[in-house]
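Text of data36.txt, listed as compact mmCIF, C-alpha atoms:
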```txt
# COMPACT_ATOMS: atom_id res chain seq x y z
CA MET A 1 19.07 2.23 20.97
CA THR A 2 22.06 1.96 18.64
CA ASP A 3 21.99 4.19 15.53
CA THR A 4 22.92 1.90 12.62
CA SER A 5 23.08 4.84 10.19
CA SER A 6 26.21 6.21 11.97
CA ASP A 7 27.95 2.83 12.09
CA PRO A 8 28.84 1.58 8.55
CA LEU A 9 29.95 -1.83 9.81
CA LEU A 10 26.73 -2.43 11.75
CA ALA A 11 24.62 -1.15 8.82
CA GLU A 12 26.41 -3.57 6.49
CA ILE A 13 25.69 -6.47 8.85
CA THR A 14 22.01 -5.66 9.44
CA GLY A 15 21.34 -4.75 5.80
CA PRO A 16 18.80 -2.26 4.41
CA THR A 17 15.48 -1.76 6.14
CA PRO A 18 12.18 -2.87 4.53
CA GLY A 19 11.35 0.76 3.81
CA GLN A 20 14.64 1.28 2.02
CA LEU A 21 14.11 -1.85 -0.04
CA LEU A 22 10.59 -0.73 -0.98
CA ARG A 23 11.79 2.71 -2.07
CA LYS A 24 14.56 1.12 -4.12
CA ARG A 25 12.09 -1.19 -5.89
CA VAL A 26 9.60 1.62 -6.53
CA PHE A 27 12.09 4.15 -7.91
CA GLY A 28 13.92 1.43 -9.84
CA HIS A 29 10.81 0.32 -11.73
CA GLN A 30 10.49 2.49 -14.83
CA GLY A 31 7.08 1.16 -15.89
CA LEU A 32 5.58 1.93 -12.48
CA LEU A 33 7.00 5.46 -12.43
CA ILE A 34 5.85 6.27 -15.98
CA GLY A 35 2.37 4.87 -15.38
CA ALA A 36 2.01 6.61 -12.02
CA VAL A 37 3.15 10.00 -13.39
CA VAL A 38 0.87 9.87 -16.44
CA LEU A 39 -2.11 8.62 -14.42
CA GLY A 40 -1.47 11.20 -11.73
CA LEU A 41 -1.43 14.00 -14.31
CA LEU A 42 -4.71 12.79 -15.82
CA VAL A 43 -6.29 12.60 -12.36
CA LEU A 44 -5.17 16.17 -11.64
CA VAL A 45 -6.60 17.28 -14.98
CA ALA A 46 -9.93 15.64 -14.11
CA VAL A 47 -10.04 17.12 -10.60
CA PHE A 48 -9.14 20.66 -11.69
CA ALA A 49 -11.09 20.56 -14.95
CA PRO A 50 -13.12 23.73 -14.18
CA TYR A 51 -9.87 25.68 -13.77
CA LEU A 52 -7.99 24.14 -16.72
CA ALA A 53 -10.70 24.13 -19.38
CA PRO A 54 -10.45 27.31 -21.48
CA HIS A 55 -14.16 27.25 -22.42
CA ASN A 56 -17.46 25.81 -21.26
CA PRO A 57 -17.51 22.26 -22.68
CA TYR A 58 -21.26 22.54 -23.31
CA ALA A 59 -21.29 25.96 -24.96
CA GLN A 60 -22.15 25.85 -28.67
CA ASP A 61 -20.99 28.32 -31.31
CA LEU A 62 -22.16 27.32 -34.78
CA LEU A 63 -20.18 30.16 -36.34
CA ALA A 64 -16.97 28.57 -35.01
CA ARG A 65 -17.77 24.92 -35.84
CA MET A 66 -15.15 22.51 -37.18
CA GLN A 67 -12.16 24.75 -36.54
CA PRO A 68 -8.90 22.75 -36.85
CA PRO A 69 -6.34 22.40 -34.04
CA VAL A 70 -3.37 24.74 -33.77
CA PHE A 71 -0.99 22.20 -35.32
CA MET A 72 -3.25 22.07 -38.40
CA GLY A 73 -3.57 25.81 -38.90
CA GLY A 74 -6.09 26.70 -36.20
CA THR A 75 -6.01 29.48 -33.63
CA TRP A 76 -4.96 29.49 -29.99
CA ASN A 77 -8.49 30.46 -28.96
CA HIS A 78 -9.34 26.79 -29.55
CA PRO A 79 -5.99 24.93 -29.28
CA LEU A 80 -7.50 21.56 -30.27
CA GLY A 81 -10.21 22.99 -32.53
CA THR A 82 -13.98 22.70 -32.23
CA ASP A 83 -16.51 19.98 -33.00
CA HIS A 84 -19.53 19.97 -35.32
CA LEU A 85 -21.47 22.16 -32.86
CA GLY A 86 -18.66 24.64 -32.26
CA ARG A 87 -17.81 23.30 -28.78
CA ASP A 88 -14.21 23.65 -27.68
CA TYR A 89 -12.51 20.27 -28.16
CA LEU A 90 -9.85 20.76 -25.49
CA SER A 91 -12.46 21.60 -22.86
CA ARG A 92 -14.54 18.55 -23.75
CA LEU A 93 -11.40 16.41 -23.66
CA ILE A 94 -10.51 17.67 -20.17
CA TYR A 95 -14.02 17.06 -18.80
CA GLY A 96 -14.09 13.67 -20.56
CA ALA A 97 -11.25 12.55 -18.28
CA ARG A 98 -13.67 12.88 -15.35
CA VAL A 99 -16.17 10.51 -16.99
CA SER A 100 -13.59 7.86 -17.88
CA LEU A 101 -11.83 7.86 -14.51
CA LEU A 102 -15.10 7.92 -12.56
CA ILE A 103 -16.56 4.99 -14.49
CA GLY A 104 -13.33 2.98 -14.38
CA THR A 105 -12.78 3.51 -10.66
CA ILE A 106 -16.31 2.87 -9.39
CA ALA A 107 -16.98 -0.06 -11.76
CA ALA A 108 -13.71 -1.72 -10.71
CA LEU A 109 -14.57 -1.10 -7.03
CA ILE A 110 -18.04 -2.69 -7.35
CA SER A 111 -16.82 -5.70 -9.32
CA GLY A 112 -13.76 -6.03 -7.06
CA VAL A 113 -15.84 -6.26 -3.88
CA ILE A 114 -18.16 -8.87 -5.43
CA GLY A 115 -15.47 -10.97 -7.10
CA THR A 116 -12.98 -10.84 -4.23
CA ALA A 117 -15.56 -11.93 -1.66
CA MET A 118 -16.67 -14.84 -3.85
CA GLY A 119 -13.15 -15.91 -4.78
CA VAL A 120 -11.72 -15.80 -1.25
CA ALA A 121 -14.74 -17.67 0.14
CA ALA A 122 -14.46 -20.37 -2.54
CA GLY A 123 -10.72 -20.79 -2.09
CA TYR A 124 -10.74 -20.84 1.72
CA PHE A 125 -13.84 -22.91 2.51
CA GLY A 126 -13.85 -25.20 -0.55
CA GLY A 127 -16.51 -27.90 -0.77
CA LYS A 128 -20.03 -26.73 -1.58
CA VAL A 129 -19.06 -23.06 -1.39
CA ASP A 130 -16.38 -23.62 -4.01
CA ALA A 131 -18.81 -25.58 -6.20
CA VAL A 132 -21.44 -22.82 -6.08
CA VAL A 133 -18.93 -20.05 -6.81
CA THR A 134 -17.37 -22.05 -9.66
CA PHE A 135 -20.84 -22.58 -11.16
CA LEU A 136 -21.56 -18.84 -10.95
CA ILE A 137 -18.21 -18.04 -12.57
CA ASN A 138 -18.96 -20.44 -15.43
CA VAL A 139 -22.39 -18.87 -15.91
CA ARG A 140 -20.85 -15.42 -16.01
CA LEU A 141 -18.12 -16.49 -18.46
CA ALA A 142 -20.78 -17.89 -20.77
CA MET A 143 -22.34 -14.41 -21.04
CA PRO A 144 -20.68 -12.03 -23.55
CA VAL A 145 -20.02 -8.80 -21.65
CA VAL A 146 -20.52 -6.40 -24.54
CA LEU A 147 -23.80 -7.94 -25.72
CA VAL A 148 -25.25 -8.14 -22.21
CA ALA A 149 -24.19 -4.56 -21.47
CA LEU A 150 -25.73 -3.38 -24.73
CA ALA A 151 -29.00 -5.17 -23.98
CA VAL A 152 -29.26 -3.91 -20.39
CA VAL A 153 -28.34 -0.33 -21.26
CA ALA A 154 -30.77 -0.35 -24.20
CA ILE A 155 -33.58 -1.48 -21.88
CA MET A 156 -32.78 0.77 -18.92
CA GLY A 157 -31.58 3.75 -20.92
CA GLY A 158 -28.09 5.10 -21.35
CA SER A 159 -26.74 7.28 -18.53
CA LEU A 160 -23.62 7.60 -16.44
CA GLU A 161 -25.15 5.82 -13.43
CA VAL A 162 -26.56 2.94 -15.48
CA VAL A 163 -23.24 2.35 -17.25
CA ILE A 164 -21.35 2.26 -13.94
CA VAL A 165 -23.74 -0.21 -12.31
CA VAL A 166 -23.95 -2.48 -15.37
CA LEU A 167 -20.17 -2.66 -15.79
CA GLY A 168 -19.65 -3.15 -12.05
CA LEU A 169 -22.03 -6.13 -12.04
CA LEU A 170 -20.51 -7.70 -15.15
CA LEU A 171 -16.76 -7.52 -14.54
CA TRP A 172 -16.38 -9.51 -11.31
CA ASP A 173 -15.47 -12.87 -12.87
CA ARG A 174 -11.73 -12.21 -13.22
CA PHE A 175 -11.55 -11.09 -9.59
CA ALA A 176 -13.28 -14.31 -8.50
CA VAL A 177 -11.04 -16.58 -10.58
CA VAL A 178 -7.75 -14.96 -9.53
CA MET A 179 -8.69 -14.60 -5.86
CA ARG A 180 -9.91 -18.20 -5.68
CA SER A 181 -6.65 -19.48 -7.15
CA SER A 182 -4.51 -17.26 -4.92
CA THR A 183 -6.44 -18.25 -1.79
CA LEU A 184 -6.06 -21.95 -2.61
CA GLN A 185 -2.29 -21.47 -2.73
CA VAL A 186 -2.12 -19.56 0.54
CA ARG A 187 -4.60 -21.39 2.79
CA GLY A 188 -2.29 -24.40 3.26
CA ARG A 189 0.72 -22.36 4.38
CA GLU A 190 2.23 -22.77 7.84
CA TYR A 191 1.26 -19.33 9.10
CA VAL A 192 -2.41 -20.01 8.32
CA ALA A 193 -2.25 -23.34 10.16
CA ALA A 194 -0.54 -21.62 13.09
CA ALA A 195 -3.29 -18.98 13.22
CA ARG A 196 -5.92 -21.74 13.36
CA ALA A 197 -3.96 -23.55 16.07
CA VAL A 198 -3.89 -20.55 18.38
CA GLY A 199 -7.66 -20.11 17.98
CA CYS A 200 -7.90 -17.15 15.60
CA SER A 201 -11.38 -16.63 14.16
CA THR A 202 -12.09 -17.16 10.49
CA PRO A 203 -12.55 -13.41 9.73
CA ARG A 204 -9.25 -12.66 11.47
CA ILE A 205 -7.44 -15.35 9.46
CA LEU A 206 -8.92 -14.07 6.22
CA MET A 207 -8.05 -10.43 6.90
CA SER A 208 -4.70 -10.89 8.68
CA GLU A 209 -3.19 -13.96 7.02
CA ILE A 210 -4.88 -14.50 3.64
CA MET A 211 -5.55 -11.04 2.21
CA PRO A 212 -2.06 -9.49 2.80
CA ASN A 213 -0.51 -12.34 0.83
CA ILE A 214 -2.83 -12.14 -2.18
CA VAL A 215 -3.22 -8.37 -2.38
CA ASN A 216 -0.55 -8.09 -5.07
CA ASN A 217 -2.65 -10.23 -7.41
CA LEU A 218 -5.71 -8.17 -6.50
CA ILE A 219 -3.90 -4.97 -7.49
CA VAL A 220 -3.16 -6.32 -10.95
CA VAL A 221 -6.78 -7.38 -11.51
CA VAL A 222 -8.07 -4.00 -10.28
CA THR A 223 -5.95 -2.14 -12.80
CA LEU A 224 -6.87 -4.52 -15.62
CA GLU A 225 -10.59 -4.26 -14.92
CA MET A 226 -10.39 -0.51 -14.49
CA ALA A 227 -8.87 -0.23 -17.95
CA HIS A 228 -11.42 -2.76 -19.25
CA ALA A 229 -14.31 -0.73 -17.83
CA ILE A 230 -12.98 2.47 -19.42
CA LEU A 231 -12.74 0.79 -22.82
CA LEU A 232 -16.22 -0.72 -22.48
CA GLU A 233 -17.68 2.67 -21.59
CA ALA A 234 -16.01 4.16 -24.65
CA ALA A 235 -17.43 1.35 -26.79
CA LEU A 236 -20.95 1.80 -25.40
CA SER A 237 -20.77 5.57 -25.86
CA PHE A 238 -19.48 5.07 -29.41
CA LEU A 239 -22.54 2.93 -30.15
CA GLY A 240 -24.84 5.55 -28.63
CA LEU A 241 -25.85 3.44 -25.61
CA GLY A 242 -23.42 4.75 -23.04
CA VAL A 243 -22.99 8.27 -21.73
CA GLN A 244 -25.51 10.45 -23.52
CA PRO A 245 -24.91 13.87 -25.14
CA PRO A 246 -24.05 16.54 -24.25
CA THR A 247 -21.98 14.94 -21.44
CA PRO A 248 -18.32 14.91 -22.56
CA SER A 249 -17.08 11.36 -23.12
CA TRP A 250 -14.07 10.27 -25.13
CA GLY A 251 -16.00 7.39 -26.69
CA LEU A 252 -18.85 9.75 -27.57
CA MET A 253 -16.37 12.22 -29.08
CA VAL A 254 -15.00 9.46 -31.32
CA SER A 255 -18.56 8.54 -32.31
CA GLU A 256 -19.46 12.15 -33.14
CA GLY A 257 -16.33 12.55 -35.26
CA LYS A 258 -16.46 9.28 -37.16
CA ASN A 259 -18.56 10.71 -40.00
CA MET A 260 -15.85 13.31 -40.70
CA MET A 261 -12.91 10.98 -40.13
CA LEU A 262 -11.70 11.08 -43.76
CA PHE A 263 -11.82 14.88 -43.89
CA GLU A 264 -11.04 15.87 -40.29
CA PRO A 265 -9.18 12.87 -38.79
CA TRP A 266 -8.17 14.81 -35.67
CA LEU A 267 -11.78 14.56 -34.42
CA VAL A 268 -11.17 10.83 -33.89
CA LEU A 269 -7.41 10.69 -33.38
CA ILE A 270 -7.24 13.13 -30.45
CA PRO A 271 -9.76 11.42 -28.09
CA GLY A 272 -8.57 8.01 -29.28
CA ALA A 273 -4.96 8.86 -28.44
CA VAL A 274 -5.86 10.17 -24.97
CA LEU A 275 -7.92 7.04 -24.30
CA PHE A 276 -4.94 4.89 -25.35
CA ILE A 277 -2.58 6.82 -23.08
CA LEU A 278 -4.91 6.46 -20.08
CA VAL A 279 -5.36 2.71 -20.50
CA LEU A 280 -1.62 2.20 -21.07
CA ALA A 281 -0.75 4.21 -17.94
CA ILE A 282 -3.16 2.17 -15.80
CA ASN A 283 -1.71 -1.12 -17.08
CA LEU A 284 1.90 0.02 -16.58
CA MET A 285 1.17 1.09 -13.01
CA GLY A 286 -0.67 -2.16 -12.28
CA ASP A 287 2.20 -4.31 -13.52
CA GLY A 288 4.66 -2.20 -11.56
CA LEU A 289 2.66 -2.44 -8.34
CA ARG A 290 2.42 -6.21 -8.77
CA ASP A 291 6.23 -6.46 -9.08
CA VAL A 292 6.84 -4.19 -6.09
CA THR A 293 4.31 -5.85 -3.76
CA ALA A 294 5.01 -9.47 -4.73
CA PRO A 295 5.63 -11.57 -1.56
CA GLU A 296 8.95 -12.87 -2.87
CA ASN A 297 10.21 -9.29 -3.18
CA ARG A 298 9.20 -8.17 0.31
```
Kindly return the structure encoded in the file as structure tokens.
Amino acid sequence: MTDTSSDPLLAEITGPTPGQLLRKRVFGHQGLLIGAVVLGLLVLVAVFAPYLAPHNPYAQDLLARMQPPVFMGGTWNHPLGTDHLGRDYLSRLIYGARVSLLIGTIAALISGVIGTAMGVAAGYFGGKVDAVVTFLINVRLAMPVVLVALAVVAIMGGSLEVVIVVLGLLLWDRFAVVMRSSTLQVRGREYVAAARAVGCSTPRILMSEIMPNIVNNLIVVVTLEMAHAILLEAALSFLGLGVQPPTPSWGLMVSEGKNMMLFEPWLVLIPGAVLFILVLAINLMGDGLRDVTAPENR
């Protein structure tokens, strides 16, 4: 086999390999790199929380309550201060990353499986299947997510498991809409018709011909819904119907600090800023992955 890397003329004729093109697109996309680095750091913080947290996030010390962060005159024993119960704020912030990432990932996975299956089925089969799925999508869109989540969580009780299941069962509509539209565009292509002509089964066509060409749109929706689920969990926890104390949650930390916001604004600003950074990183990485994996760029 001829080695094109040692022959400049032959390499110029054949052009770069697909792997080289992919690496060039990945490392040339600033938004993707920034989002991936920030998200990767937050994931590492969540995974190694027991080793990074300077204190037990549940330990209370009323004699050390409401200590300010270092940048506001506090001590390095509690770099980000303490809350109204004397719990170390940095430790609770680190463990709160686990809650947000866990809820965002699992809720997006549940809703993604439901919505993708419905959308691909509606787009590929059409007819009555499409009519039923479209009706279900319209019913879901007529239901306000926040109000339904509040009602269900209030009835079943707030907990980590309940929040994950409720959000996973409520956020599938965007997956269904986008996957249905993408499948409608792809099912009439020549390669799909060729697969039917040679006798490929429907599952094989869906997995080998349809899904690889709509996965870039799926990636974008996954990241959007992951960020959406994280924000909804924070909203539910802020209202007291999400993750319950003493479990560290960024939304719960904002809720606990809101009464002191005028006097100790860092109680709200610190978890709010970290929540903003996480959601922004997820969206940047999702947009970057969509650009890199788009069929026209492959």
Select from region 110-186 of chain A every residue with an atom at most 8 Å from any atom of region 197-216 of chain A, then for each give the shortest pair of atoms and their distance in Å to one decimal, using all atoms listed in the file, rows by chain and rising number, as CSV.
```
residue,atom,partner,partner_atom,distance
A:Met179,CA,A:Ile214,CA,7.3
A:Ser182,CA,A:Ile214,CA,6.0
A:Thr183,CA,A:Ile210,CA,6.8
A:Val186,CA,A:Ile210,CA,6.5
```
(message) List the spatial neighbours of Phe175 (chain A) as a VMD selection string - criterion: any atom at most 8 Å away, only C-alpha atoms, same-chain residues fewer than 2 positions off excluded.
(response) chain A and resid 111 to 112 115 to 116 119 172 to 173 177 to 179 218 221 to 222
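For the set A:His78, A:Val220, A:Leu252, A:Pro271, the residue with the smallest atom-to-atom gap to Thr293 (chain A) is A:Val220, counting all atoms listed in the file.
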(request) Would you please work out which residue, of A:Ile34, A:Pro68, A:Arg187, A:Gly40, is nearest to Phe263 (chain A) when using all atoms listed in the file? (result)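 So, comparing all the options, the nearest one is A:Pro68.
Rounded to one decimal, CA of Ala36 (chain A) and CA of Ile277 (chain A) lie 12.0 Å from each other.
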(request) Go through A:Pro54, A:Pro69, A:Gly127, A:Gly35 and flag the residue nearest Glu264 (chain A), using all atoms listed in the file for the distances. (result)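 Of the candidates, the smallest distance to Glu264 (chain A) is held by A:Pro69.
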(message) Just the number, please: distance in Å from CA of Gln60 (chain A) to CA of Leu236 (chain A), one decimal.
(response) 24.3 Å
(message) From the options A:Ala229, A:Ala281, A:Val146, A:Val45, which residue's atoms come nearest to Ala97 (chain A), counting all atoms listed in the file?
(response)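 Looking only at the distances to Ala97 (chain A), the closest residue turns out to be A:Val45.
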Once 3 Å is added on each side, what centre and edge lengths in Å to one decimal does the axis-aligned box around all listed atoms of region 61-73 of chain A have, as JSON?
```
{"center_x": -11.6, "center_y": 26.1, "center_z": -35.1, "size_x": 27.2, "size_y": 14.1, "size_z": 13.6}
```
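Atom pair CA of Phe71 (chain A) / CA of Leu93 (chain A): separated by 16.7 Å.
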(message) Which residues are close to Gln30 (chain A), i.e. within 12 Å by only C-alpha atoms, leaving aside same-chain residues fewer than 3 positions away? Reply as a VMD selection string.
(response) chain A and resid 24 to 27 33 to 37 281 284 to 285 287 to 289 291 to 292
(request) Name the closest residue to Thr223 (chain A) among the candidates A:Ala108, A:Leu102, A:Met66, A:Met156; distances are taken between atoms, counting only C-alpha atoms. (result)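 Between A:Ala108, A:Leu102, A:Met66, A:Met156, the residue approaching Thr223 (chain A) most closely is A:Ala108.
Counting all atoms listed in the file, the residue from A:Gly86, A:Gly81, A:Pro50, A:Pro57 that sits nearest to Pro265 (chain A) is A:Gly81.
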Complete region 30-59 of chain A with N, CA and C atoms (output as a compact mmCIF listing (two decimals), in the coordinates of the input).
```txt
# COMPACT_ATOMS: atom_id res chain seq x y z
N GLN A 30 10.83 1.43 -13.90
CA GLN A 30 10.49 2.49 -14.83
C GLN A 30 9.02 2.46 -15.24
N GLY A 31 8.48 1.26 -15.48
CA GLY A 31 7.08 1.16 -15.89
C GLY A 31 6.14 1.72 -14.83
N LEU A 32 6.42 1.42 -13.57
CA LEU A 32 5.58 1.93 -12.48
C LEU A 32 5.65 3.45 -12.41
N LEU A 33 6.85 4.01 -12.52
CA LEU A 33 7.00 5.46 -12.43
C LEU A 33 6.31 6.17 -13.60
N ILE A 34 6.48 5.63 -14.81
CA ILE A 34 5.85 6.27 -15.98
C ILE A 34 4.33 6.20 -15.86
N GLY A 35 3.82 5.02 -15.52
CA GLY A 35 2.37 4.87 -15.38
C GLY A 35 1.81 5.75 -14.28
N ALA A 36 2.50 5.81 -13.14
CA ALA A 36 2.01 6.61 -12.02
C ALA A 36 2.02 8.10 -12.36
N VAL A 37 3.06 8.57 -13.04
CA VAL A 37 3.15 10.00 -13.39
C VAL A 37 2.05 10.37 -14.38
N VAL A 38 1.89 9.56 -15.42
CA VAL A 38 0.87 9.87 -16.44
C VAL A 38 -0.53 9.80 -15.83
N LEU A 39 -0.80 8.74 -15.05
CA LEU A 39 -2.11 8.62 -14.42
C LEU A 39 -2.35 9.74 -13.42
N GLY A 40 -1.33 10.10 -12.67
CA GLY A 40 -1.47 11.20 -11.73
C GLY A 40 -1.79 12.52 -12.42
N LEU A 41 -1.14 12.77 -13.56
CA LEU A 41 -1.43 14.00 -14.31
C LEU A 41 -2.86 14.01 -14.82
N LEU A 42 -3.34 12.86 -15.32
CA LEU A 42 -4.71 12.79 -15.82
C LEU A 42 -5.72 12.95 -14.68
N VAL A 43 -5.40 12.42 -13.51
CA VAL A 43 -6.29 12.60 -12.36
C VAL A 43 -6.34 14.08 -11.96
N LEU A 44 -5.20 14.74 -11.96
CA LEU A 44 -5.17 16.17 -11.64
C LEU A 44 -5.96 16.98 -12.67
N VAL A 45 -5.83 16.60 -13.93
CA VAL A 45 -6.60 17.28 -14.98
C VAL A 45 -8.09 17.11 -14.73
N ALA A 46 -8.50 15.89 -14.36
CA ALA A 46 -9.93 15.64 -14.11
C ALA A 46 -10.42 16.41 -12.88
N VAL A 47 -9.62 16.45 -11.83
CA VAL A 47 -10.04 17.12 -10.60
C VAL A 47 -10.15 18.63 -10.80
N PHE A 48 -9.18 19.20 -11.51
CA PHE A 48 -9.14 20.66 -11.69
C PHE A 48 -9.66 21.07 -13.06
N ALA A 49 -10.55 20.26 -13.62
CA ALA A 49 -11.09 20.56 -14.95
C ALA A 49 -11.73 21.94 -15.05
N PRO A 50 -12.51 22.39 -14.05
CA PRO A 50 -13.12 23.73 -14.18
C PRO A 50 -12.09 24.85 -14.29
N TYR A 51 -10.89 24.64 -13.73
CA TYR A 51 -9.87 25.68 -13.77
C TYR A 51 -8.95 25.55 -14.99
N LEU A 52 -8.88 24.37 -15.59
CA LEU A 52 -7.99 24.14 -16.72
C LEU A 52 -8.68 24.32 -18.08
N ALA A 53 -9.98 24.04 -18.11
CA ALA A 53 -10.70 24.13 -19.38
C ALA A 53 -10.82 25.59 -19.82
N PRO A 54 -10.39 25.91 -21.03
CA PRO A 54 -10.45 27.31 -21.48
C PRO A 54 -11.86 27.79 -21.81
N HIS A 55 -12.80 26.87 -22.07
CA HIS A 55 -14.16 27.25 -22.42
C HIS A 55 -15.15 26.32 -21.72
N ASN A 56 -16.39 26.68 -21.75
CA ASN A 56 -17.46 25.81 -21.26
C ASN A 56 -17.60 24.63 -22.23
N PRO A 57 -17.45 23.41 -21.75
CA PRO A 57 -17.51 22.26 -22.68
C PRO A 57 -18.88 22.04 -23.31
N TYR A 58 -19.91 22.70 -22.77
CA TYR A 58 -21.26 22.54 -23.31
C TYR A 58 -21.68 23.70 -24.21
N ALA A 59 -20.91 24.78 -24.20
CA ALA A 59 -21.29 25.96 -24.96
C ALA A 59 -21.12 25.73 -26.45
```
